There are 2 protein chains.
Amino acid sequence: MTDLIAMGIEAKAASRKLATLTTAQKNGALLAIADEIEAQADVVLAENEKDIADGRARGLTDALLDRLLLTEARVAGLAADARKIADLPDPVGVELESRLLSNGMRLSRRRIPIGVLGVIYEARPNVTIDIATLSLKTGNATILRGGSETLRSNLALVQVIQAALAKVGLPETAVQYIDNPDRELVAQLLRLDEYVDMLIPRGGSGLHKLCKEQSSIPVITGGIGICHLFVDETADLDNAVDIVENSKVQRPSVCNSLDTLLVHPAIAQDFLPRAAIRLAQSGVELRATGEAYDILYSHQHEAEVVPAGPEDFDQEWLSLILGVHLVADVDEAIAFIQAHTTEHTESILTNDWQNATKFVNELSSSAIFVNASTRFNDGGQFGLGAEVAVSTQKLHARGPMGLEELTTYKWIGYGDGHVRP
Amino acid sequence: MTDLIAMGIEAKAASRKLATLTTAQKNGALLAIADEIEAQADVVLAENEKDIADGRARGLTDALLDRLLLTEARVAGLAADARKIADLPDPVGVELESRLLSNGMRLSRRRIPIGVLGVIYEARPNVTIDIATLSLKTGNATILRGGSETLRSNLALVQVIQAALAKVGLPETAVQYIDNPDRELVAQLLRLDEYVDMLIPRGGSGLHKLCKEQSSIPVITGGIGICHLFVDETADLDNAVDIVENSKVQRPSVCNSLDTLLVHPAIAQDFLPRAAIRLAQSGVELRATGEAYDILYSHQHEAEVVPAGPEDFDQEWLSLILGVHLVADVDEAIAFIQAHTTEHTESILTNDWQNATKFVNELSSSAIFVNASTRFNDGGQFGLGAEVAVSTQKLHARGPMGLEELTTYKWIGYGDGHVRP
């Protein structure tokens with residue numbers, strides 16, 4: 001019987017140990033994990049093979065099986081990733097501000113680990129290494145709960161991590177895994193607020209909704225992007241075709257890919273057929289309203305276009321489908337976006353300074369672009385070094401979360417016998 | 001029938017209007033509120049008088065009635081506070097960082113309002129003005145729910161605010177109040193995540209617990225402080241008596257007042273009786289364990305001392321009671337604090353550099369002091385200009401929250417036809 005409270009107590013104790021480690025000690029643990037991954041690659045691959053065989057027997061799609069699959073090259077990649085995280089700067093210990101108050105007290109605000117992170121994730125086993133190493137780098141303990149499809153792979157990887165932690169003299173309980181597939185344990189984890197300081201769901205909208213509604217632990221919600229791109233009448237249309245293609249087609253299954261294309265009527269006759277031709281090359285299906293549909297339909301030999309249904313603009317496609325709608329001007333574009341967005345990513349293509357400014361100022365999504373692809377809302381692209389998750393909520397962090405977002409801070413006041421007047 | 005969804009829709013629409021206001025417009029609203037408070041002081045005082053009469057009839061204590069009471073001077077104070085907030089710097093629009101990425105995109109991170117704040121508070125009607133003005137200053141709309149004891153006073157103040165908003169051409173729905181005392185509406189408010197971006201409970205631990213457990217909206221929990229002070233063997237004992245008195249007695253009803261005094265055995269015989277004499281002057285009751293009790297009992301003519309019960313160290317006293325316990329050294333002090341703290345405020349009194357460093361580094365409470373009173377964990381003392389709440393959670397904000405903590409940020413990327421490679 002999995003005892004989550006016991007795991008929580010162990011995790012909290014481990015987190016206190018981790019919080020006092022030097023950067024060199026934490027990096028030493030990451031390098032030990034990388035070495036151990038390489039040393040135990042055969043074990044990990046053998047366990048993954050069993051997961052894959054089970055998945056095939058259960059009729060999982062080839063696409064999903066490929067996401068679950070570990071190969072020698074992928075395992076080598078996991079070790080390389082752990083070494084890469086060791087190379088990143090350590091955000092813990094940085095003093096965000098410090099000053100001598102007028103009363104002579106020296107006040108500072110210092111970054112510290114958050115403590116214990118609960119992470120619930122689906123499918124890919126690389127998340128196990130990813131989250132464990134990012135958390136160790138920032139001095140946080142973790143309680144992990146991965147998908148049942150890769151239970152054996154995840155357990156093998158957690159054993160690798162714990163073996164490495166033991167070798168460098170750190171508590172193995174710094175990274176724990178809930179190995180019981182009973183879904184009731186997820187519900188229990190969501191109420192473990194006495195021990196878990198932050199919950200990160202990594203999965204679909206159902207998981208995020210469950211966490212938001214059921215968790216008594218603060219949750220980082222995000223990763224769900226209904227992303228918009230507005231092609232204004234002054235946009236460079238050649239460039240607009242490139243950007244729309246890049247936004248939609250480069251990696252359609254991720255959260256920063258384009259879902260809805262908004263177009264100014266003055267350029268719709270010119271632009272939409274050109275965009276349609278390009279998108280057709282990648283097999284994109286267009287779902288268009290009214291006038292946009294009429295324009296596209298008259299060019300239907302170039303692209304597949306169907307009339308948009310009422311719910312087509314409130315959906316994250318994660319596939320080669322694109323909603324298309326005409327809006328009279330930037331104000332109507334903003335209003336449309338505000339009515340349908342999940343506040344992930346929006347972009348405007350324009351050469352009109354005023355429209356660009358208005359779009360940037362009035363929308364409040366986690367990232368707003370001018371004359372650029374929606375695909376840039378990404379920790380790597382923003383130079384954060386690592387991406388833990390993409391937050392679309394308003395508290396703590398927004399947009400791509402790097403290592404800093406796995407920390408909090410404490411105030412430190414050095415007095416000299418100070419009493420408050 | 002109060003329609004919270006309709007209120008949520010109105011609040012969200014108002015928040016979008018507020019987010020685009022200039023600092024001058026927002027300050028204009030605050031000054032208009034100050035003027036309107038003065039102009040309608042008689043109405044507010046008359047409504048408050050009815051609340052007080054009701055409260056007296058219901059048998060509320062004199063202490064509570066005094067907290068609910070508005071006087072001409074207190075109403076003038078509300079107007080002065082609104083003007084003071086107008087004078088503070090506006091955190092919205094500040095760009096936290098900006099740089100040209102290596103690909104030529106200019107990336108910045110800009111502070112923006114959070115959106116719609118839900119605030120649930122108890123007792124004092126000044127919170128209505130306080131929260132409304134802090135929120136308007138930061139471009140946030142609010143849905144307020146105050147205690148039933150001051151319903152009429154709160155409604156009068158909200159009408160004052162809305163009249164002022166109308167005068168300066170802003171939506172009255174920027175500040176809304178749930179005027180129906182039905183407790184079911186609190187439960188509904190906690191699930192209004194589609195419209196409310198952040199929930200701030202201001203009240204006792206029961207309210208915080210309710211919000212943490214029931215809310216699907218991110219909650220700022222805090223304001224509950226089981227605060228510790230450790231007098232090390234090297235402390236200046238005269239000064240220690242002053243600091244312990246200040247921490248416990250200056251304002252015992254607030255969250256940063258001292259709850260538990262930890263003392264090194266080497267100085268206990270000398271220090272405890274001296275502290276007891278001073279604390280007795282203010283009528284403090286000591287609840288002491290083992291050896292601490294024995295020492296204090298032998299001086300009982302000076303102070304009231306009773307044996308500490310098992311739960312006396314897991315309680316925020318908010319009154320003139322102080323737990324006393326001996327710990328062998330700084331390590332035992334840290335372990336004791338970790339076992340009992342709510343992570344609000346801790347202090348060490350010492351002249352030992354190593355012990356001070358250890359105490360500061362190993363504890364993770366929202367504020368840690370060396371040789372200073374616990375009472376300094378306060379937005380005013382830290383120079384934040386205003387205090388919205390004191391957070392003891394790990395996400396978003398910790399310790400005193402000022403205006404900046406009522407904001408979030410968005411990423412802005414200015415491209416020039418950028419597609420992701």
# chains A, B, ... in the order shown; residues from 1 in each chain; ligands from 1
>>> interface_residues(of="chain A", to="chain B", cutoff="6 Å", atoms="only C-alpha atoms", output="list in words")
Ile114, Lys212, Glu213, Ser216, Ile243, Ser366, Ala367, Ile368, Phe369, Val370, Asn371, Ala372, Ser373, Lys394, Leu395, His396, Thr408, Lys410, Trp411, Ile412, Gly413, Tyr414, Gly415, Asp416, Gly417, His418 and Val419 of chain A
>>> write_last_selection(atoms="N, CA, C and O atoms", output="mmCIF file, in the first residue's frame")
data_model
loop_
_atom_site.group_PDB
_atom_site.id
_atom_site.type_symbol
_atom_site.label_atom_id
_atom_site.label_comp_id
_atom_site.auth_asym_id
_atom_site.auth_seq_id
_atom_site.Cartn_x
_atom_site.Cartn_y
_atom_site.Cartn_z
ATOM 1 N N ILE A 114 11.673 26.074 -3.576
ATOM 2 C CA ILE A 114 10.272 26.069 -3.165
ATOM 3 C C ILE A 114 10.044 25.022 -2.089
ATOM 4 O O ILE A 114 9.301 25.239 -1.152
ATOM 5 N N LYS A 212 -6.727 21.934 -11.004
ATOM 6 C CA LYS A 212 -7.246 23.247 -10.615
ATOM 7 C C LYS A 212 -8.427 23.080 -9.669
ATOM 8 O O LYS A 212 -8.544 23.798 -8.679
ATOM 9 N N GLU A 213 -9.287 22.121 -9.980
ATOM 10 C CA GLU A 213 -10.519 21.988 -9.209
ATOM 11 C C GLU A 213 -10.339 21.215 -7.907
ATOM 12 O O GLU A 213 -11.028 21.487 -6.928
ATOM 13 N N SER A 216 -5.583 21.181 -3.208
ATOM 14 C CA SER A 216 -5.426 22.173 -2.146
ATOM 15 C C SER A 216 -3.998 22.708 -2.129
ATOM 16 O O SER A 216 -3.653 23.556 -1.319
ATOM 17 N N ILE A 243 5.127 33.028 -41.999
ATOM 18 C CA ILE A 243 4.909 33.001 -40.543
ATOM 19 C C ILE A 243 3.697 32.126 -40.186
ATOM 20 O O ILE A 243 3.735 31.354 -39.221
ATOM 21 N N SER A 366 0.195 35.335 -22.213
ATOM 22 C CA SER A 366 1.532 35.166 -21.638
ATOM 23 C C SER A 366 2.630 35.634 -22.590
ATOM 24 O O SER A 366 3.676 36.087 -22.135
ATOM 25 N N ALA A 367 2.397 35.542 -23.896
ATOM 26 C CA ALA A 367 3.354 36.124 -24.848
ATOM 27 C C ALA A 367 2.596 36.734 -26.029
ATOM 28 O O ALA A 367 1.651 36.130 -26.544
ATOM 29 N N ILE A 368 3.010 37.929 -26.409
ATOM 30 C CA ILE A 368 2.418 38.642 -27.542
ATOM 31 C C ILE A 368 3.559 38.963 -28.508
ATOM 32 O O ILE A 368 4.566 39.535 -28.105
ATOM 33 N N PHE A 369 3.370 38.603 -29.773
ATOM 34 C CA PHE A 369 4.422 38.864 -30.760
ATOM 35 C C PHE A 369 3.944 39.842 -31.823
ATOM 36 O O PHE A 369 2.748 39.902 -32.145
ATOM 37 N N VAL A 370 4.884 40.589 -32.353
ATOM 38 C CA VAL A 370 4.640 41.429 -33.524
ATOM 39 C C VAL A 370 5.547 40.903 -34.634
ATOM 40 O O VAL A 370 6.766 40.757 -34.426
ATOM 41 N N ASN A 371 4.960 40.599 -35.771
ATOM 42 C CA ASN A 371 5.713 40.122 -36.928
ATOM 43 C C ASN A 371 6.631 38.946 -36.607
ATOM 44 O O ASN A 371 7.824 38.940 -36.969
ATOM 45 N N ALA A 372 6.066 37.977 -35.923
ATOM 46 C CA ALA A 372 6.833 36.767 -35.607
ATOM 47 C C ALA A 372 5.875 35.608 -35.392
ATOM 48 O O ALA A 372 4.697 35.790 -35.074
ATOM 49 N N SER A 373 6.402 34.424 -35.539
ATOM 50 C CA SER A 373 5.648 33.179 -35.380
ATOM 51 C C SER A 373 5.248 32.962 -33.920
ATOM 52 O O SER A 373 6.012 33.291 -33.005
ATOM 53 N N LYS A 394 -2.035 33.615 -13.815
ATOM 54 C CA LYS A 394 -1.551 34.952 -13.523
ATOM 55 C C LYS A 394 -0.596 35.000 -12.332
ATOM 56 O O LYS A 394 0.123 35.978 -12.167
ATOM 57 N N LEU A 395 -0.599 33.957 -11.484
ATOM 58 C CA LEU A 395 0.249 34.019 -10.298
ATOM 59 C C LEU A 395 1.581 33.321 -10.535
ATOM 60 O O LEU A 395 1.675 32.388 -11.311
ATOM 61 N N HIS A 396 2.594 33.801 -9.824
ATOM 62 C CA HIS A 396 3.921 33.186 -9.762
ATOM 63 C C HIS A 396 4.697 33.355 -11.065
ATOM 64 O O HIS A 396 5.707 34.038 -11.087
ATOM 65 N N THR A 408 11.434 30.277 -4.759
ATOM 66 C CA THR A 408 10.698 31.350 -4.125
ATOM 67 C C THR A 408 11.739 32.225 -3.424
ATOM 68 O O THR A 408 12.920 32.187 -3.797
ATOM 69 N N LYS A 410 12.950 34.406 0.474
ATOM 70 C CA LYS A 410 12.652 34.780 1.859
ATOM 71 C C LYS A 410 13.299 36.135 2.112
ATOM 72 O O LYS A 410 14.293 36.490 1.475
ATOM 73 N N TRP A 411 12.731 36.886 3.028
ATOM 74 C CA TRP A 411 13.298 38.162 3.441
ATOM 75 C C TRP A 411 14.245 37.896 4.612
ATOM 76 O O TRP A 411 13.936 37.088 5.498
ATOM 77 N N ILE A 412 15.379 38.569 4.607
ATOM 78 C CA ILE A 412 16.341 38.426 5.696
ATOM 79 C C ILE A 412 16.650 39.815 6.237
ATOM 80 O O ILE A 412 17.014 40.720 5.478
ATOM 81 N N GLY A 413 16.465 39.993 7.535
ATOM 82 C CA GLY A 413 16.750 41.292 8.160
ATOM 83 C C GLY A 413 17.837 41.153 9.209
ATOM 84 O O GLY A 413 17.647 40.438 10.195
ATOM 85 N N TYR A 414 18.983 41.812 8.988
ATOM 86 C CA TYR A 414 20.060 41.805 9.976
ATOM 87 C C TYR A 414 19.948 43.070 10.809
ATOM 88 O O TYR A 414 20.191 44.175 10.310
ATOM 89 N N GLY A 415 19.564 42.886 12.059
ATOM 90 C CA GLY A 415 19.431 44.037 12.942
ATOM 91 C C GLY A 415 20.604 44.145 13.883
ATOM 92 O O GLY A 415 21.582 43.398 13.788
ATOM 93 N N ASP A 416 20.477 45.061 14.818
ATOM 94 C CA ASP A 416 21.520 45.264 15.806
ATOM 95 C C ASP A 416 20.811 45.627 17.109
ATOM 96 O O ASP A 416 21.051 46.672 17.697
ATOM 97 N N GLY A 417 19.875 44.753 17.483
ATOM 98 C CA GLY A 417 19.060 45.024 18.662
ATOM 99 C C GLY A 417 17.816 45.819 18.331
ATOM 100 O O GLY A 417 17.267 46.504 19.188
ATOM 101 N N HIS A 418 17.329 45.705 17.099
ATOM 102 C CA HIS A 418 16.201 46.526 16.654
ATOM 103 C C HIS A 418 14.867 46.119 17.284
ATOM 104 O O HIS A 418 14.475 44.954 17.207
ATOM 105 N N VAL A 419 14.178 47.087 17.873
ATOM 106 C CA VAL A 419 12.779 46.904 18.255
ATOM 107 C C VAL A 419 11.951 47.880 17.429
ATOM 108 O O VAL A 419 12.423 48.956 17.053
#
>>> residues_around(residues="segment 125-136 of chain B", least_positions_apart="5", cutoff="9 Å", atoms="only C-alpha atoms", output="PyMOL selection string")
chain B and resi 18+26-27+29-30+33+48+67-70+74-75+78-79+81-82+85-86+113+116-117+119+141-142+144-147+150-151+153-154+157-158+161+174-175+386-388+402-403+406
>>> atom_distance(atom1="atom CA of Val306 of chain A", atom2="atom CA of Ala288 of chain A")
6.4 Å
>>> residues_around(residues="Ile295 of chain B", least_positions_apart="3", cutoff="9 Å", atoms="only C-alpha atoms", output="ChimeraX atom specification")
/B:268-269,272-273,290-292,298-300
>>> write_last_selection(atoms="N, CA and C atoms", output="CSV table (one decimal), in the first residue's frame")
chain,number,residue,atom,x,y,z
B,268,ALA,N,19.5,30.5,30.5
B,268,ALA,CA,18.1,30.5,30.9
B,268,ALA,C,17.9,31.0,32.4
B,269,GLN,N,18.8,30.5,33.3
B,269,GLN,CA,18.7,30.9,34.7
B,269,GLN,C,18.8,32.4,34.8
B,272,LEU,N,15.6,34.1,31.8
B,272,LEU,CA,14.2,33.9,31.9
B,272,LEU,C,13.5,34.8,33.0
B,273,PRO,N,14.1,34.8,34.2
B,273,PRO,CA,13.4,35.7,35.2
B,273,PRO,C,13.4,37.1,34.8
B,290,GLY,N,9.2,21.8,30.9
B,290,GLY,CA,10.2,21.2,31.8
B,290,GLY,C,11.1,22.2,32.5
B,291,GLU,N,12.3,22.3,32.1
B,291,GLU,CA,13.3,23.1,32.9
B,291,GLU,C,12.9,24.6,32.8
B,292,ALA,N,12.4,25.1,31.7
B,292,ALA,CA,12.0,26.5,31.6
B,292,ALA,C,10.9,26.7,32.6
B,298,SER,N,10.1,29.1,40.0
B,298,SER,CA,10.8,29.6,41.2
B,298,SER,C,10.8,31.1,41.3
B,299,HIS,N,10.3,31.8,40.2
B,299,HIS,CA,10.2,33.3,40.2
B,299,HIS,C,8.7,33.7,40.0
B,300,GLN,N,7.8,32.8,40.4
B,300,GLN,CA,6.5,33.0,40.0
B,300,GLN,C,5.8,34.2,40.6
>>> select_by_dssp(residues="segment 221-331 of chain B", states="strand (DSSP E or B)", output="list in words")
Gly222, Cys227, His228, Leu229, Phe230, Val231, Leu258, Asp259, Thr260, Leu261, Leu262, Val263, Glu285, Leu286, Arg287, Ala288, Glu304, Val305, Val306, Pro307, Ile321, Leu322, Gly323, Val324, His325 and Leu326 of chain B
>>> residues_around(residues="Ala303 of chain B", least_positions_apart="2", cutoff="12 Å", atoms="only C-alpha atoms", output="list in words")
Leu272, Pro273, Arg274, Ala275, Ala276, Ile277, Arg278, Leu279, Ala280, Gln281, Ser282, Gly283, Val284, Glu285, Leu286, Arg287, Ala288, Tyr293, Ile295, Leu296, Tyr297, Ser298, His299, Gln300, His301, Val305, Val306, Ile321 and Leu322 of chain B
>>> write_last_selection(atoms="N, CA and C atoms", output="short mmCIF file (atom, residue, chain, number, x, y, z; two decimals), in the first residue's frame")
data_model
loop_
_atom_site.label_atom_id
_atom_site.label_comp_id
_atom_site.auth_asym_id
_atom_site.auth_seq_id
_atom_site.Cartn_x
_atom_site.Cartn_y
_atom_site.Cartn_z
N LEU B 272 15.61 34.13 31.77
CA LEU B 272 14.15 33.91 31.87
C LEU B 272 13.49 34.75 32.96
N PRO B 273 14.08 34.82 34.18
CA PRO B 273 13.42 35.66 35.19
C PRO B 273 13.37 37.13 34.79
N ARG B 274 14.43 37.62 34.13
CA ARG B 274 14.43 39.02 33.71
C ARG B 274 13.36 39.26 32.65
N ALA B 275 13.26 38.33 31.70
CA ALA B 275 12.21 38.46 30.68
C ALA B 275 10.83 38.39 31.32
N ALA B 276 10.70 37.47 32.32
CA ALA B 276 9.40 37.28 32.95
C ALA B 276 8.95 38.55 33.68
N ILE B 277 9.89 39.19 34.36
CA ILE B 277 9.55 40.44 35.08
C ILE B 277 9.02 41.47 34.09
N ARG B 278 9.73 41.63 32.97
CA ARG B 278 9.32 42.64 31.99
C ARG B 278 7.96 42.28 31.36
N LEU B 279 7.78 41.01 31.02
CA LEU B 279 6.53 40.60 30.37
C LEU B 279 5.35 40.68 31.34
N ALA B 280 5.64 40.47 32.63
CA ALA B 280 4.57 40.54 33.64
C ALA B 280 3.98 41.95 33.69
N GLN B 281 4.79 42.93 33.37
CA GLN B 281 4.30 44.33 33.39
C GLN B 281 3.16 44.51 32.40
N SER B 282 3.13 43.70 31.35
CA SER B 282 2.06 43.79 30.36
C SER B 282 1.03 42.68 30.52
N GLY B 283 1.20 41.87 31.58
CA GLY B 283 0.22 40.81 31.85
C GLY B 283 0.35 39.59 30.96
N VAL B 284 1.57 39.31 30.49
CA VAL B 284 1.76 38.14 29.63
C VAL B 284 1.74 36.87 30.46
N GLU B 285 1.00 35.88 29.98
CA GLU B 285 0.98 34.56 30.61
C GLU B 285 2.00 33.67 29.90
N LEU B 286 2.89 33.03 30.69
CA LEU B 286 3.92 32.17 30.10
C LEU B 286 3.48 30.71 30.19
N ARG B 287 3.67 29.98 29.10
CA ARG B 287 3.38 28.55 29.11
C ARG B 287 4.68 27.83 28.79
N ALA B 288 5.26 27.22 29.82
CA ALA B 288 6.64 26.74 29.70
C ALA B 288 6.73 25.24 29.90
N TYR B 293 9.98 25.80 32.75
CA TYR B 293 8.91 25.97 33.73
C TYR B 293 9.49 26.04 35.14
N ILE B 295 12.45 26.96 36.18
CA ILE B 295 13.11 28.25 36.43
C ILE B 295 12.08 29.34 36.67
N LEU B 296 11.09 29.39 35.78
CA LEU B 296 10.09 30.46 35.89
C LEU B 296 9.23 30.29 37.15
N TYR B 297 8.93 29.03 37.49
CA TYR B 297 8.08 28.77 38.65
C TYR B 297 8.75 29.28 39.93
N SER B 298 10.05 29.13 40.01
CA SER B 298 10.77 29.59 41.20
C SER B 298 10.76 31.12 41.29
N HIS B 299 10.34 31.79 40.20
CA HIS B 299 10.20 33.26 40.23
C HIS B 299 8.75 33.65 40.02
N GLN B 300 7.83 32.77 40.42
CA GLN B 300 6.45 32.98 40.00
C GLN B 300 5.82 34.24 40.59
N HIS B 301 6.42 34.78 41.62
CA HIS B 301 5.88 36.03 42.16
C HIS B 301 5.96 37.14 41.12
N VAL B 305 3.02 31.82 35.30
CA VAL B 305 3.57 30.75 34.47
C VAL B 305 2.78 29.48 34.72
N VAL B 306 2.46 28.81 33.62
CA VAL B 306 1.74 27.54 33.72
C VAL B 306 2.50 26.52 32.85
N ILE B 321 -0.20 35.59 25.47
CA ILE B 321 0.28 34.28 25.93
C ILE B 321 1.58 34.01 25.18
N LEU B 322 2.56 33.41 25.86
CA LEU B 322 3.84 33.13 25.21
C LEU B 322 4.33 31.74 25.63
#
>>> closest_residue(among="B:Asp259, B:Asp35, B:Asp378, B:Asp179", to="Leu318 of chain B", atoms="only C-alpha atoms")
B:Asp259
>>> select_by_dssp(residues="segment 105-319 of chain A", states="helix (DSSP H, G or I)", output="VMD selection string")
chain A and resid 126 to 137 148 to 167 172 to 174 184 to 190 205 to 214 237 to 249 265 to 280 290 to 297
>>> residues_around(residues="Gly225 of chain B", least_positions_apart="2", cutoff="7 Å", atoms="only C-alpha atoms", output="list in words")
Gly223, Cys227, Cys255, Asn256, Glu316, Thr342, His344 and Thr345 of chain B
